[in-house]
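Raw contents of final-v6.txt, compact mmCIF, C-alpha atoms (C1' of nucleotides):
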```txt
# COMPACT_ATOMS: atom_id res chain seq x y z
CA MET A 1 52.05 12.43 29.02
CA GLY A 2 54.02 11.55 25.96
CA ARG A 3 53.76 12.11 22.30
CA THR A 4 50.45 12.20 20.47
CA LYS A 5 49.70 9.54 17.87
CA LEU A 6 50.21 10.49 14.28
CA TYR A 7 47.65 7.91 13.21
CA ASP A 8 43.98 7.31 13.88
CA PRO A 9 43.42 3.91 15.53
CA GLN A 10 39.94 3.79 14.02
CA ASP A 11 41.33 4.22 10.54
CA ALA A 12 43.94 1.59 11.27
CA ILE A 13 41.47 -1.02 12.45
CA ALA A 14 39.25 -0.29 9.46
CA ALA A 15 42.17 -0.95 7.13
CA ILE A 16 43.03 -4.14 9.02
CA LYS A 17 39.42 -5.24 8.76
CA ASN A 18 39.39 -4.72 5.02
CA GLN A 19 42.56 -6.71 4.61
CA PHE A 20 41.34 -9.69 6.65
CA TRP A 21 37.99 -9.41 4.90
CA ALA A 22 39.56 -9.71 1.48
CA LYS A 23 42.25 -12.28 2.18
CA GLY A 24 41.29 -14.14 5.34
CA PHE A 25 43.38 -14.72 8.44
CA GLU A 26 46.14 -16.96 7.15
CA GLY A 27 46.14 -15.23 3.80
CA THR A 28 47.02 -11.94 5.45
CA SER A 29 50.57 -11.32 6.61
CA LEU A 30 51.80 -8.67 8.98
CA GLN A 31 53.48 -7.14 5.98
CA ASP A 32 50.09 -6.88 4.30
CA LEU A 33 48.73 -5.14 7.37
CA GLU A 34 51.64 -2.72 7.43
CA ALA A 35 50.95 -1.85 3.81
CA ALA A 36 47.21 -1.55 4.37
CA THR A 37 47.54 0.75 7.35
CA SER A 38 50.73 2.53 6.31
CA LEU A 39 51.91 1.77 9.81
CA PRO A 40 55.00 -0.14 10.91
CA LYS A 41 54.33 -3.45 12.58
CA GLN A 42 55.73 -2.24 15.84
CA THR A 43 52.93 0.31 16.06
CA LEU A 44 50.37 -2.33 15.17
CA TYR A 45 51.58 -4.64 17.90
CA ARG A 46 51.64 -1.87 20.47
CA GLU A 47 48.18 -0.67 19.57
CA PHE A 48 46.31 -3.89 18.93
CA GLY A 49 48.30 -6.82 20.25
CA ASP A 50 49.14 -9.84 18.15
CA LYS A 51 47.58 -11.01 14.91
CA HIS A 52 44.92 -13.04 16.64
CA GLN A 53 43.73 -10.00 18.59
CA MET A 54 43.86 -7.86 15.49
CA TYR A 55 41.48 -10.28 13.83
CA LEU A 56 39.10 -10.21 16.77
CA LYS A 57 39.12 -6.43 16.74
CA ALA A 58 38.60 -6.41 13.00
CA LEU A 59 35.52 -8.57 13.51
CA GLY A 60 34.36 -6.18 16.20
CA ASP A 61 34.78 -3.25 13.86
CA TYR A 62 32.84 -5.10 11.20
CA GLU A 63 29.92 -5.45 13.56
CA ARG A 64 30.22 -1.83 14.62
CA THR A 65 30.14 -0.55 11.05
CA GLU A 66 28.87 -2.84 8.30
CA ILE A 67 26.48 -4.90 10.38
CA LEU A 68 25.14 -1.88 12.21
CA ASP A 69 24.64 -0.19 8.87
CA ALA A 70 22.70 -3.16 7.56
CA ALA A 71 20.69 -3.32 10.76
CA THR A 72 19.78 0.33 10.30
CA THR A 73 18.57 -0.44 6.80
CA LEU A 74 16.39 -3.17 8.23
CA SER A 75 14.93 -1.14 11.07
CA SER A 76 14.35 2.08 9.20
CA ILE A 77 11.85 0.55 6.81
CA SER A 78 8.41 -0.45 8.03
CA GLY A 79 7.08 -3.73 6.79
CA ALA A 80 9.30 -6.75 7.14
CA LYS A 81 9.11 -7.76 3.52
CA LYS A 82 10.14 -4.34 2.27
CA ALA A 83 12.86 -4.08 4.88
CA PHE A 84 14.52 -7.33 3.82
CA GLU A 85 14.04 -6.43 0.20
CA ALA A 86 16.05 -3.28 0.80
CA LEU A 87 18.75 -5.22 2.62
CA PHE A 88 19.19 -7.73 -0.18
CA GLU A 89 19.08 -5.00 -2.79
CA LYS A 90 21.86 -3.17 -1.05
CA ILE A 91 24.04 -6.25 -1.01
CA ILE A 92 23.41 -7.16 -4.62
CA ASP A 93 23.82 -3.59 -5.78
CA ALA A 94 27.26 -3.58 -4.22
CA VAL A 95 28.11 -6.58 -6.37
CA ASP A 96 26.43 -5.15 -9.44
CA ILE A 97 27.70 -1.60 -9.32
CA SER A 98 30.98 -1.73 -7.41
CA ASN A 99 31.76 -5.37 -8.20
CA ASP A 100 32.14 -5.88 -4.47
CA ARG A 101 32.55 -9.62 -4.12
CA ARG A 102 34.20 -9.75 -0.74
CA GLY A 103 31.09 -11.34 0.65
CA CYS A 104 30.26 -11.00 4.33
CA PHE A 105 33.31 -10.85 6.57
CA LEU A 106 31.45 -12.64 9.33
CA CYS A 107 30.40 -15.45 6.99
CA ASN A 108 33.92 -15.76 5.66
CA ALA A 109 35.28 -15.92 9.18
CA SER A 110 32.74 -18.57 10.02
CA ALA A 111 33.88 -20.82 7.20
CA ASP A 112 37.52 -19.97 7.70
CA ARG A 113 38.62 -19.69 11.31
CA THR A 114 36.01 -21.16 13.59
CA SER A 115 37.34 -24.69 13.45
CA ILE A 116 40.89 -23.62 14.23
CA ASP A 117 40.69 -20.79 16.74
CA HIS A 118 38.09 -21.34 19.42
CA GLU A 119 38.14 -17.78 20.71
CA ILE A 120 37.37 -16.49 17.24
CA GLY A 121 34.79 -19.23 16.90
CA ALA A 122 33.04 -18.02 20.02
CA GLN A 123 33.02 -14.43 18.82
CA VAL A 124 31.70 -15.47 15.41
CA SER A 125 28.92 -17.46 17.06
CA ALA A 126 27.98 -14.52 19.24
CA MET A 127 27.94 -12.16 16.29
CA LEU A 128 25.85 -14.54 14.21
CA GLU A 129 23.37 -14.86 17.05
CA ARG A 130 23.08 -11.08 17.38
CA TRP A 131 22.62 -10.83 13.64
CA ARG A 132 19.85 -13.42 13.80
CA LYS A 133 18.20 -11.47 16.61
CA THR A 134 18.32 -8.40 14.41
CA PHE A 135 16.48 -10.37 11.76
CA GLN A 136 13.97 -11.44 14.37
CA THR A 137 13.34 -7.86 15.43
CA ALA A 138 12.95 -6.73 11.85
CA LEU A 139 10.41 -9.45 11.23
CA GLY A 140 8.25 -8.07 14.02
CA ALA A 141 4.65 -9.11 13.67
CA ALA A 142 5.50 -10.99 10.48
CA GLN A 143 7.34 -13.48 12.54
CA GLN A 144 5.58 -16.74 13.03
CA SER A 145 8.31 -18.56 14.84
CA ARG A 146 11.96 -18.53 15.54
CA GLU A 147 12.53 -20.69 12.49
CA LEU A 148 11.82 -17.89 10.09
CA SER A 149 14.74 -15.84 11.29
CA ASP A 150 16.89 -18.95 11.22
CA ILE A 151 16.27 -19.72 7.60
CA LEU A 152 16.60 -16.10 6.58
CA LEU A 153 20.00 -16.16 8.23
CA ALA A 154 20.95 -19.33 6.38
CA GLY A 155 19.75 -17.86 3.09
CA TYR A 156 21.59 -14.65 3.76
CA ILE A 157 24.83 -16.55 4.33
CA GLY A 158 24.33 -18.60 1.18
CA LEU A 159 23.61 -15.47 -0.81
CA ARG A 160 26.80 -13.80 0.29
CA VAL A 161 28.99 -16.85 -0.12
CA LEU A 162 27.63 -17.35 -3.63
CA ALA A 163 28.27 -13.69 -4.40
CA ARG A 164 31.84 -14.17 -3.29
CA SER A 165 32.29 -17.19 -5.48
CA GLY A 166 31.20 -15.25 -8.53
CA LEU A 167 27.52 -16.06 -9.09
CA ASN A 168 26.02 -13.61 -11.55
CA VAL A 169 23.72 -10.83 -10.46
CA VAL A 170 20.62 -12.25 -12.10
CA GLN A 171 20.87 -15.44 -10.09
CA LEU A 172 21.57 -13.51 -6.91
CA ARG A 173 18.42 -11.46 -7.45
CA GLY A 174 16.48 -14.65 -8.00
CA ILE A 175 17.65 -16.04 -4.69
CA ALA A 176 16.74 -12.83 -2.91
CA ALA A 177 13.29 -12.84 -4.48
CA GLN A 178 12.67 -16.40 -3.36
CA MET A 179 13.71 -15.59 0.15
CA LEU A 180 11.24 -12.75 0.32
CA THR A 181 8.39 -15.14 -0.48
CA LEU A 182 9.04 -16.74 2.90
CA ILE A 183 8.00 -13.57 4.68
CA PRO A 184 4.25 -13.11 5.20
CA ALA A 185 2.90 -9.99 3.50
CA ASN A 186 0.96 -8.67 6.48
CA SER A 187 2.55 -6.15 8.82
CA MET B 1 59.67 -50.58 -15.05
CA GLY B 2 60.74 -49.38 -11.68
CA ARG B 3 59.68 -49.87 -8.17
CA THR B 4 56.04 -50.26 -7.14
CA LYS B 5 54.50 -47.63 -4.88
CA LEU B 6 54.22 -48.51 -1.25
CA TYR B 7 51.30 -46.14 -0.86
CA ASP B 8 47.87 -45.82 -2.41
CA PRO B 9 47.48 -42.47 -4.22
CA GLN B 10 43.75 -42.59 -3.57
CA ASP B 11 44.29 -42.93 0.14
CA ALA B 12 46.79 -40.12 0.00
CA ILE B 13 44.50 -37.69 -1.77
CA ALA B 14 41.71 -38.58 0.61
CA ALA B 15 43.93 -37.72 3.55
CA ILE B 16 44.98 -34.48 1.88
CA LYS B 17 41.34 -33.63 1.26
CA ASN B 18 40.48 -34.18 4.90
CA GLN B 19 43.31 -31.95 6.01
CA PHE B 20 42.39 -29.07 3.70
CA TRP B 21 38.75 -29.59 4.60
CA ALA B 22 39.44 -29.20 8.28
CA LYS B 23 42.02 -26.44 8.21
CA GLY B 24 41.73 -24.63 4.90
CA PHE B 25 44.44 -23.90 2.39
CA GLU B 26 46.67 -21.48 4.26
CA GLY B 27 45.97 -23.22 7.53
CA THR B 28 47.45 -26.43 6.18
CA SER B 29 51.22 -26.77 5.88
CA LEU B 30 53.17 -29.31 3.90
CA GLN B 31 54.20 -30.71 7.24
CA ASP B 32 50.54 -31.25 8.09
CA LEU B 33 50.07 -33.07 4.81
CA GLU B 34 53.07 -35.26 5.48
CA ALA B 35 51.62 -36.20 8.84
CA ALA B 36 48.13 -36.77 7.44
CA THR B 37 49.33 -39.04 4.65
CA SER B 38 52.30 -40.57 6.45
CA LEU B 39 54.23 -39.72 3.30
CA PRO B 40 57.35 -37.59 2.92
CA LYS B 41 56.83 -34.33 1.10
CA GLN B 42 59.04 -35.44 -1.74
CA THR B 43 56.56 -38.17 -2.56
CA LEU B 44 53.68 -35.73 -2.32
CA TYR B 45 55.32 -33.31 -4.72
CA ARG B 46 56.19 -36.06 -7.17
CA GLU B 47 52.71 -37.54 -7.08
CA PHE B 48 50.52 -34.45 -6.96
CA GLY B 49 52.54 -31.36 -7.84
CA ASP B 50 52.67 -28.30 -5.65
CA LYS B 51 50.31 -27.27 -2.87
CA HIS B 52 48.00 -25.42 -5.20
CA GLN B 53 47.53 -28.52 -7.34
CA MET B 54 47.06 -30.68 -4.27
CA TYR B 55 44.20 -28.43 -3.24
CA LEU B 56 42.60 -28.66 -6.67
CA LYS B 57 42.88 -32.43 -6.58
CA ALA B 58 41.48 -32.51 -3.07
CA LEU B 59 38.47 -30.57 -4.32
CA GLY B 60 38.16 -33.03 -7.19
CA ASP B 61 38.21 -35.93 -4.78
CA TYR B 62 35.57 -34.24 -2.67
CA GLU B 63 33.29 -34.08 -5.68
CA ARG B 64 34.10 -37.67 -6.60
CA THR B 65 33.24 -38.97 -3.15
CA GLU B 66 31.20 -36.78 -0.79
CA ILE B 67 29.23 -34.89 -3.40
CA LEU B 68 28.59 -37.98 -5.47
CA ASP B 69 27.42 -39.73 -2.34
CA ALA B 70 25.01 -36.91 -1.55
CA ALA B 71 23.81 -36.86 -5.15
CA THR B 72 23.09 -40.56 -4.86
CA THR B 73 21.02 -39.91 -1.78
CA LEU B 74 19.05 -37.33 -3.71
CA SER B 75 18.46 -39.44 -6.79
CA SER B 76 17.68 -42.70 -5.09
CA ILE B 77 14.58 -41.36 -3.39
CA SER B 78 11.47 -40.63 -5.39
CA GLY B 79 9.65 -37.44 -4.54
CA ALA B 80 11.67 -34.27 -4.38
CA LYS B 81 10.56 -33.30 -0.90
CA LYS B 82 11.48 -36.65 0.57
CA ALA B 83 14.76 -36.69 -1.29
CA PHE B 84 15.89 -33.34 0.09
CA GLU B 85 14.61 -34.29 3.49
CA ALA B 86 16.94 -37.29 3.41
CA LEU B 87 19.85 -35.15 2.28
CA PHE B 88 19.43 -32.64 5.10
CA GLU B 89 18.89 -35.39 7.62
CA LYS B 90 22.12 -37.02 6.60
CA ILE B 91 24.02 -33.77 7.06
CA ILE B 92 22.49 -32.94 10.40
CA ASP B 93 22.87 -36.49 11.66
CA ALA B 94 26.57 -36.24 10.97
CA VAL B 95 26.65 -33.19 13.24
CA ASP B 96 24.40 -34.77 15.83
CA ILE B 97 25.92 -38.21 16.04
CA SER B 98 29.55 -37.83 14.96
CA ASN B 99 29.83 -34.16 15.89
CA ASP B 100 31.08 -33.60 12.35
CA ARG B 101 31.28 -29.84 12.06
CA ARG B 102 33.69 -29.57 9.19
CA GLY B 103 30.92 -28.18 7.07
CA CYS B 104 31.01 -28.56 3.31
CA PHE B 105 34.51 -28.48 1.87
CA LEU B 106 33.25 -26.82 -1.28
CA CYS B 107 31.49 -24.09 0.71
CA ASN B 108 34.55 -23.54 2.84
CA ALA B 109 36.70 -23.26 -0.26
CA SER B 110 34.26 -20.79 -1.71
CA ALA B 111 34.54 -18.48 1.27
CA ASP B 112 38.25 -19.08 1.66
CA ARG B 113 40.21 -19.26 -1.58
CA THR B 114 38.10 -17.95 -4.45
CA SER B 115 39.13 -14.35 -4.02
CA ILE B 116 42.80 -15.16 -3.93
CA ASP B 117 43.40 -17.99 -6.37
CA HIS B 118 41.49 -17.61 -9.60
CA GLU B 119 42.08 -21.14 -10.81
CA ILE B 120 40.60 -22.51 -7.62
CA GLY B 121 37.84 -19.95 -7.93
CA ALA B 122 36.96 -21.28 -11.36
CA GLN B 123 36.90 -24.85 -10.15
CA VAL B 124 34.75 -23.93 -7.16
CA SER B 125 32.30 -22.13 -9.44
CA ALA B 126 32.11 -25.10 -11.77
CA MET B 127 31.53 -27.49 -8.88
CA LEU B 128 28.86 -25.28 -7.37
CA GLU B 129 27.10 -25.10 -10.72
CA ARG B 130 27.17 -28.89 -11.07
CA TRP B 131 25.85 -29.21 -7.56
CA ARG B 132 23.02 -26.84 -8.38
CA LYS B 133 22.23 -28.86 -11.50
CA THR B 134 22.04 -31.94 -9.30
CA PHE B 135 19.48 -30.12 -7.19
CA GLN B 136 17.60 -29.22 -10.33
CA THR B 137 17.50 -32.82 -11.49
CA ALA B 138 16.34 -34.01 -8.08
CA LEU B 139 13.54 -31.47 -8.12
CA GLY B 140 12.27 -32.96 -11.35
CA ALA B 141 8.60 -32.20 -11.85
CA ALA B 142 8.52 -30.31 -8.59
CA GLN B 143 10.63 -27.64 -10.14
CA GLN B 144 8.78 -24.52 -11.06
CA SER B 145 11.73 -22.50 -12.21
CA ARG B 146 15.44 -22.26 -12.02
CA GLU B 147 15.11 -20.08 -8.94
CA LEU B 148 14.03 -22.94 -6.75
CA SER B 149 17.30 -24.79 -7.20
CA ASP B 150 19.15 -21.53 -6.65
CA ILE B 151 17.62 -20.82 -3.29
CA LEU B 152 17.95 -24.42 -2.19
CA LEU B 153 21.62 -24.11 -2.99
CA ALA B 154 21.90 -20.90 -0.98
CA GLY B 155 20.05 -22.46 1.93
CA TYR B 156 22.22 -25.55 1.75
CA ILE B 157 25.35 -23.41 1.95
CA GLY B 158 23.97 -21.42 4.86
CA LEU B 159 23.02 -24.60 6.66
CA ARG B 160 26.49 -26.05 6.36
CA VAL B 161 28.30 -22.86 7.27
CA LEU B 162 26.12 -22.50 10.34
CA ALA B 163 26.79 -26.09 11.27
CA ARG B 164 30.49 -25.37 11.03
CA SER B 165 30.19 -22.32 13.25
CA GLY B 166 28.54 -24.35 15.97
CA LEU B 167 24.79 -23.79 15.63
CA ASN B 168 22.91 -26.37 17.68
CA VAL B 169 21.15 -29.29 16.10
CA VAL B 170 17.65 -28.10 16.94
CA GLN B 171 18.16 -24.90 15.02
CA LEU B 172 19.73 -26.76 12.13
CA ARG B 173 16.70 -29.03 11.91
CA GLY B 174 14.46 -25.98 11.95
CA ILE B 175 16.28 -24.49 8.99
CA ALA B 176 16.06 -27.75 7.08
CA ALA B 177 12.34 -27.99 7.78
CA GLN B 178 11.76 -24.47 6.52
CA MET B 179 13.67 -25.17 3.37
CA LEU B 180 11.50 -28.18 2.66
CA THR B 181 8.39 -26.01 2.70
CA LEU B 182 9.71 -24.34 -0.44
CA ILE B 183 9.35 -27.57 -2.38
CA PRO B 184 5.87 -28.29 -3.75
CA ALA B 185 4.37 -31.49 -2.40
CA ASN B 186 3.28 -32.92 -5.74
CA SER B 187 5.60 -35.32 -7.54
C1' DT C 1 71.04 -61.60 -14.48
C1' DA C 2 71.43 -56.88 -16.20
C1' DA C 3 69.52 -52.47 -17.12
C1' DA C 4 66.24 -49.11 -16.61
C1' DT C 5 63.22 -46.82 -13.88
C1' DT C 6 60.78 -45.18 -9.91
C1' DT C 7 60.64 -45.50 -5.40
C1' DG C 8 61.65 -43.62 -0.25
C1' DT C 9 65.02 -40.85 2.51
C1' DT C 10 68.11 -37.12 3.83
C1' DA C 11 69.78 -32.92 3.55
C1' DC C 12 69.44 -28.52 2.06
C1' DC C 13 67.83 -24.03 -0.09
C1' DG C 14 66.18 -19.10 0.07
C1' DT C 15 62.17 -16.66 1.72
C1' DT C 16 58.88 -15.23 4.70
C1' DA C 17 56.37 -15.73 8.82
C1' DG C 18 55.11 -13.63 13.45
C1' DG C 19 57.18 -11.28 16.98
C1' DT C 20 60.80 -8.53 19.91
C1' DC C 21 64.48 -5.25 21.21
C1' DA C 22 66.76 -1.01 21.43
C1' DC C 23 66.89 3.77 20.56
C1' DG C 24 66.30 8.57 18.97
C1' DA C 25 62.52 11.94 18.24
C1' DA C 26 58.62 14.25 19.78
C1' DT C 27 55.39 16.05 23.07
C1' DG C 28 52.70 15.93 27.06
C1' DA C 29 52.45 17.48 32.40
C1' DC C 30 54.55 20.08 36.02
C1' DG D 1 62.58 24.33 30.85
C1' DT D 2 62.74 19.77 32.53
C1' DC D 3 61.39 15.22 32.82
C1' DA D 4 58.65 11.40 32.04
C1' DT D 5 56.27 9.17 28.70
C1' DT D 6 54.90 7.52 24.26
C1' DC D 7 55.80 7.80 19.82
C1' DG D 8 58.09 6.11 15.06
C1' DT D 9 62.09 3.67 12.94
C1' DG D 10 65.43 0.16 12.16
C1' DA D 11 67.64 -3.88 12.97
C1' DC D 12 67.18 -8.31 14.48
C1' DC D 13 65.52 -13.04 16.06
C1' DT D 14 64.01 -17.92 15.62
C1' DA D 15 61.02 -20.93 13.44
C1' DA D 16 58.47 -22.48 9.79
C1' DC D 17 57.22 -22.05 5.19
C1' DG D 18 57.07 -24.13 0.23
C1' DG D 19 60.05 -26.28 -2.70
C1' DT D 20 64.42 -28.77 -4.72
C1' DA D 21 68.62 -31.67 -5.35
C1' DA D 22 71.08 -35.83 -4.71
C1' DC D 23 71.21 -40.57 -3.90
C1' DA D 24 70.67 -45.31 -2.35
C1' DA D 25 67.20 -49.07 -2.20
C1' DA D 26 64.03 -51.69 -4.60
C1' DT D 27 61.60 -53.88 -8.36
C1' DT D 28 59.84 -54.59 -12.98
C1' DT D 29 60.98 -55.57 -17.81
C1' DA D 30 63.86 -57.69 -21.05
```
For the structure just supplied, provide its representation as structure tokens.
Amino acid sequence: MGRTKLYDPQDAIAAIKNQFWAKGFEGTSLQDLEAATSLPKQTLYREFGDKHQMYLKALGDYERTEILDAATTLSSISGAKKAFEALFEKIIDAVDISNDRRGCFLCNASADRTSIDHEIGAQVSAMLERWRKTFQTALGAAQQSRELSDILLAGYIGLRVLARSGLNVVQLRGIAAQMLTLIPANS
Amino acid sequence: MGRTKLYDPQDAIAAIKNQFWAKGFEGTSLQDLEAATSLPKQTLYREFGDKHQMYLKALGDYERTEILDAATTLSSISGAKKAFEALFEKIIDAVDISNDRRGCFLCNASADRTSIDHEIGAQVSAMLERWRKTFQTALGAAQQSRELSDILLAGYIGLRVLARSGLNVVQLRGIAAQMLTLIPANS
DNA sequence: TAAATTTGTTACCGTTAGGTCACGAATGAC
DNA sequence: GTCATTCGTGACCTAACGGTAACAAATTTA
């Protein structure tokens, strides 16, 4: 049944994700993707389809890895306040220690592609809604209403966009601290 | 001293701004800008420089018009809570009534170009900082600390990114309402 | 009116974009 | 071992990209 692949599709999509994450859709060329994956474009097209589909799959991989990882952080800590504190700390530490200012791929995609490509827009919306639901679950008993998860989502997006634009760590920590005050202490 | 211009540079830069605002930097071609301004590219290059400079000037125009307009809304109303309420209402009304989901050009630029073009990144940072200072001024006596303007800025960004990605008006209003609860009622 | 200057228009440039085709090499199933 | 299948590689395509050069038309100053 033919030759076996010399590459790992999972590795490839991860590399594609990182490229789109850093440079955006239009800012990433097929040549960039070839370099990032060490794969010729022909292989990329055969495996993933065209650039548009690659982007969708990159978003999917982002949810499967980074977002799931963050969701695990949230759910593994009891007490909503402490859980969100850990989440924010993780994000800001990445900026502080690794100087990771890529921001949130999903947020970047939201500001970047949603107005141009409706299919991507729909996927971004769906992902954002699942992410909000994750917030809602993490809030548990601390949740008074749906609005709390909404504003935490908005604050989260702002935090990550500001991190991307170069805000210093002290200010980022201040924002995170303020957001935590929104969460009731009980539970 | 030569021929008079048949076009208004102000109109032109406004059209360029709208194009970049809607489609982003890489998503906008010189051809798009020609169409938007009804001007041949030669005129655009002579008047504004290359694409990179056009984007910078578009950002400048955004600050000179939209941001100044919003700042006026903030400063013309006494009482910080009411002032921010008016600001958010204006933004959400634009979504509700005109279905204006372009978001905030500055926020879009922040998520889009800052990691690629450092000069644009610097300008975006400077504009964000001025915008935060505007928040600070509007807070006036209601301001407890610098952190309040920081989180309002983060929430503002989140609100506008979510509007761009298609969040419904009810949820947007909920976020705005939550943000207002952060502002002390006195003053 | 004459000269200087800046306009708007046309054509053109090299480069890169996303995407496809054709083919030899490798390896699976039988 | 044979054959079908899928791989990796290279060349190639058209279109669009950002940007420039050359020039005639127009208009202000003197």
Q.
Counting all atoms listed in the file, a student should be able to say which residues of chain A come within 10 Å of chain C; what is the right answer, written as a PyMOL selection string?
A. chain A and resi 1-4+29-31+41-42+45+50-51
Q: Return the neighbours of chain A among the residues of chain B, cut-off 9 Å, counting all atoms listed in the file, as a ChimeraX atom specification.
A: /B:22-27,101-103,107-116,121-122,124-125,128,146-148,150-162,164-167,171-172,174-179,182
Q.
Tell me as a list in words which residues belonging to chain D come within 12 Å of chain B, counting all atoms listed in the file.
A.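 That gives DA16, DC17, DG18, DG19, DT20, DA21, DA25, DA26, DT27, DT28, DT29 and DA30 of chain D for chain D.
The spacing separating atom CA of B:Thr43 from atom CA of B:Asp8 amounts to 11.6 Å.
Using only C-alpha atoms (C1' of nucleotides), the residues found no farther than 12 Å from B:Arg130, other than those of its own chain fewer than 3 positions away, are Glu63, Ile67, Leu68, Ala71, Leu106, Gln123, Val124, Ser125, Ala126, Met127, Lys133, Thr134, Phe135, Gln136, Thr137, Ser149, Asp150 and Leu153 of chain B.
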Q. Around (46.3, -0.9, 8.1) in the file's own coordinates, what residues are found within 10 Å if you use only C-alpha atoms (C1' of nucleotides), given back as an NGL selection string?
A. :A and (9-19 or 30-41 or 44)
Is it possible to add N, CA and C atoms to stretch 76-92 of chain A and hand it back as a tab-separated table (two decimals), in the coordinates of the input?
```tsv
chain	number	residue	atom	x	y	z
A	76	SER	N	14.87	0.78	9.61
A	76	SER	CA	14.35	2.08	9.20
A	76	SER	C	13.19	1.95	8.21
A	77	ILE	N	12.93	0.74	7.78
A	77	ILE	CA	11.85	0.55	6.81
A	77	ILE	C	10.73	-0.25	7.47
A	78	SER	N	9.52	0.26	7.39
A	78	SER	CA	8.41	-0.45	8.03
A	78	SER	C	7.86	-1.48	7.06
A	79	GLY	N	7.51	-2.61	7.62
A	79	GLY	CA	7.08	-3.73	6.79
A	79	GLY	C	8.25	-4.65	6.57
A	80	ALA	N	8.16	-5.84	7.16
A	80	ALA	CA	9.30	-6.75	7.14
A	80	ALA	C	9.74	-7.08	5.72
A	81	LYS	N	8.79	-7.34	4.88
A	81	LYS	CA	9.11	-7.76	3.52
A	81	LYS	C	9.93	-6.68	2.82
A	82	LYS	N	9.44	-5.45	2.93
A	82	LYS	CA	10.14	-4.34	2.27
A	82	LYS	C	11.51	-4.09	2.89
A	83	ALA	N	11.60	-4.30	4.18
A	83	ALA	CA	12.86	-4.08	4.88
A	83	ALA	C	13.93	-5.06	4.37
A	84	PHE	N	13.55	-6.33	4.30
A	84	PHE	CA	14.52	-7.33	3.82
A	84	PHE	C	14.81	-7.15	2.33
A	85	GLU	N	13.82	-6.71	1.62
A	85	GLU	CA	14.04	-6.43	0.20
A	85	GLU	C	15.12	-5.37	0.04
A	86	ALA	N	15.05	-4.35	0.87
A	86	ALA	CA	16.05	-3.28	0.80
A	86	ALA	C	17.43	-3.80	1.18
A	87	LEU	N	17.46	-4.66	2.19
A	87	LEU	CA	18.75	-5.22	2.62
A	87	LEU	C	19.40	-6.01	1.49
A	88	PHE	N	18.64	-6.89	0.89
A	88	PHE	CA	19.19	-7.73	-0.18
A	88	PHE	C	19.60	-6.87	-1.38
A	89	GLU	N	18.78	-5.88	-1.66
A	89	GLU	CA	19.08	-5.00	-2.79
A	89	GLU	C	20.41	-4.30	-2.58
A	90	LYS	N	20.63	-3.87	-1.37
A	90	LYS	CA	21.86	-3.17	-1.05
A	90	LYS	C	23.07	-4.08	-1.30
A	91	ILE	N	22.94	-5.30	-0.86
A	91	ILE	CA	24.04	-6.25	-1.01
A	91	ILE	C	24.31	-6.54	-2.49
A	92	ILE	N	23.24	-6.79	-3.22
A	92	ILE	CA	23.41	-7.16	-4.62
A	92	ILE	C	23.84	-5.96	-5.45
```
